[in-house]
Amino acid sequence: MLVQTPPMGWNSWNTFGENINEQVVRDTADAIVNLGLRDAGYEYVVIDDCWSMRKRDENGRLVANPEKFPSGMKALADYVHSKGLKFGIYSCVGFLTCAEYPGSFDHEFIDAETFAEWGVDYLKYDFCYKPGRADGALLYHRMGLALRQTGREILFSACNWGREDVEKWIRSAGAHIYRSTGDIGDNFQSYKEIAVSQFNNLAYSTPGCFNDIDMLICGMHGNGNVALGGCTEAEYRTHFAMWCLFNSPLMIGCDLSKIDDECLALLKNKELLSINQDIEARPPMKLTRDGDDRTVFFRHLSNGEYILAFFNLTDCDRTMYQGLFDVGLPYDGGYGFTGYEIFTGEKLEGERERVIVDVPMHDCRLFRLKLTKI
């Protein structure tokens, strides 16, 4: 199976937008290795929109912009592969991409063949300029066929923004991950709205096809293509912890040449990554009612441990409470939860009734727990 756990990597859009080029990609590949991100599991280097010429060549093939990519895509893919990484590229179901470069509509098989010849390992496939009467599911299915026909293993990232009840049919189209939201911006309100929109769709993520709630903004600090205010360190921590808990693909969006130590440590946090990469990929159970910005989740891990996660999405510091009856623990059952909070190290010892924790505004607390006899 190509994606047993959520894919991890880097995408150019959040920071560079149309200003992507060969040197940025090479430098990013180097940084992923040198910063220890490859060893942490980040393996895909993905070029988003704006990489091609405005017109196809005389054979109907896409052509990389020679000013941006003078060595060509095959050489660039080879360089990325030489670093022990995988190479990704972007296209669109419509006749144009979102930035109005040639899309793959009615060119799916020739484009898939071109990507395979270049050594592409990952295709992000967007949803702009789809003909009004064309069926979105059919167009994704068509590219799914085209990618498989190449004989090359290419991760198929469907990006239709959650339209047309995508979660109900996208696995059948051959996709490995699917975008279920609009575009993220570098601010708390943007990622909060995205996360909340998916609270009731988390069970659609599964090994083989994961719900993608968009790229990471950690480390952007108000700089780049989607720089819309920036976040505090606590807000980036909450953002990353949610994406890990929700089994989302983890695609870094910041400029790795400028990443600060705190955000780098967050992206490499072994505790959080082990949750995201847990082999069973079970969705968390939401324990709080809809509309409550003090949200609590409980998740089973494959090693017999559990995660109890508190997210304070309100604009005030809060004391948060969770009764353990709601996760199935009887008070007189002879068992309690023992463990620790991932960020602070706070201990729990044989708790069988409730967990109460102080959570600052826009911050989170995640407890890693085991059941123990008491």
# chains A, B, ... in the order shown; residues from 1 in each chain; ligands from 1
$ residues_around --residues "Leu2 in chain A" --least-positions-apart "3" --cutoff "10 Å" --atoms "only C-alpha atoms" --output "compact mmCIF listing (two decimals) with C-alpha atoms, in the first residue's frame"
# COMPACT_ATOMS: atom_id res chain seq x y z
CA THR A 5 0.08 6.41 7.01
CA PRO A 7 2.20 11.37 3.65
CA GLU A 153 3.99 4.48 -8.40
CA ILE A 154 2.66 8.04 -8.13
CA LEU A 155 0.82 9.31 -5.07
CA PHE A 156 -2.47 10.82 -6.27
CA HIS A 176 -4.41 8.39 -1.94
CA PRO A 207 -5.00 3.77 5.35
CA GLY A 208 -4.85 4.06 1.59
CA CYS A 209 -6.79 7.35 1.38
$ residues_around --residues "Ile279 in chain A" --least-positions-apart "6" --cutoff "10 Å" --atoms "only C-alpha atoms" --output "count of residues only"
7
$ closest_atom_pairs --of "range 188-238 of chain A" --to "range 307-317 of chain A" --cutoff "12 Å" --atoms "only C-alpha atoms" --output "tab-separated table"
residue	atom	partner	partner_atom	distance
A:Phe188	CA	A:Leu313	CA	9.0
A:Gln189	CA	A:Leu313	CA	9.3
A:Ser190	CA	A:Leu313	CA	12.0
A:Tyr191	CA	A:Leu313	CA	10.6
A:Lys192	CA	A:Leu313	CA	7.4
A:Glu193	CA	A:Leu313	CA	10.3
A:Ala195	CA	A:Leu313	CA	10.6
A:Val196	CA	A:Leu313	CA	10.0
A:Ala234	CA	A:Asn312	CA	10.7
A:Glu235	CA	A:Leu313	CA	9.4
A:Arg237	CA	A:Phe311	CA	10.5
A:Thr238	CA	A:Phe311	CA	7.2
$ closest_residue --among "A:Leu202, A:Pro360, A:Ile217, A:Lys270" --to "Met285 in chain A" --atoms "only C-alpha atoms"
A:Leu202
$ atom_distance --atom1 "CA of Val25 in chain A" --atom2 "CA of Gly229 in chain A"
25.4 Å
$ residues_around --residues "range 8-11 of chain A" --least-positions-apart "3" --cutoff "6 Å" --atoms "only C-alpha atoms" --output "list in words"
Tyr42, Glu43, Tyr44, Val45, Val46, Pro249, Leu250, Met251, Ile252 and Gly253 of chain A
$ residues_around --residues "Gln23 in chain A" --least-positions-apart "2" --cutoff "12 Å" --atoms "only C-alpha atoms" --output "PyMOL selection string"
chain A and resi 19-21+25-30+47+67-72+76+79-80
$ residues_around --residues "Ser180 in chain A" --least-positions-apart "4" --cutoff "12 Å" --atoms "only C-alpha atoms" --output "PyMOL selection string"
chain A and resi 126-127+157-168+170+184+194-202+204-205+210-215+248-249
$ residues_around --residues "Val296 in chain A" --least-positions-apart "5" --cutoff "12 Å" --atoms "only C-alpha atoms" --output "JSON, numbers by chain"
{"A": [199, 242, 245, 284, 285, 286, 287, 288, 289, 290, 307, 308, 309, 310, 311, 312, 313, 320, 321, 322, 323, 324, 326, 327, 355, 356, 357, 359, 364, 365, 366, 367]}
$ closest_residue --among "A:Ala146, A:Ala137, A:Cys254, A:Leu62" --to "Phe109 in chain A" --atoms "only C-alpha atoms"
A:Ala146
$ closest_residue --among "A:Ala281, A:Met361, A:Thr181, A:Thr232" --to "Val3 in chain A" --atoms "only C-alpha atoms"
A:Ala281
$ residues_around --residues "Thr338 in chain A" --least-positions-apart "4" --cutoff "7 Å" --atoms "only C-alpha atoms" --output "ChimeraX atom specification"
/A:348-351,369-372
$ atom_distance --atom1 "CA of Gly230 in chain A" --atom2 "CA of Cys218 in chain A"
9.2 Å
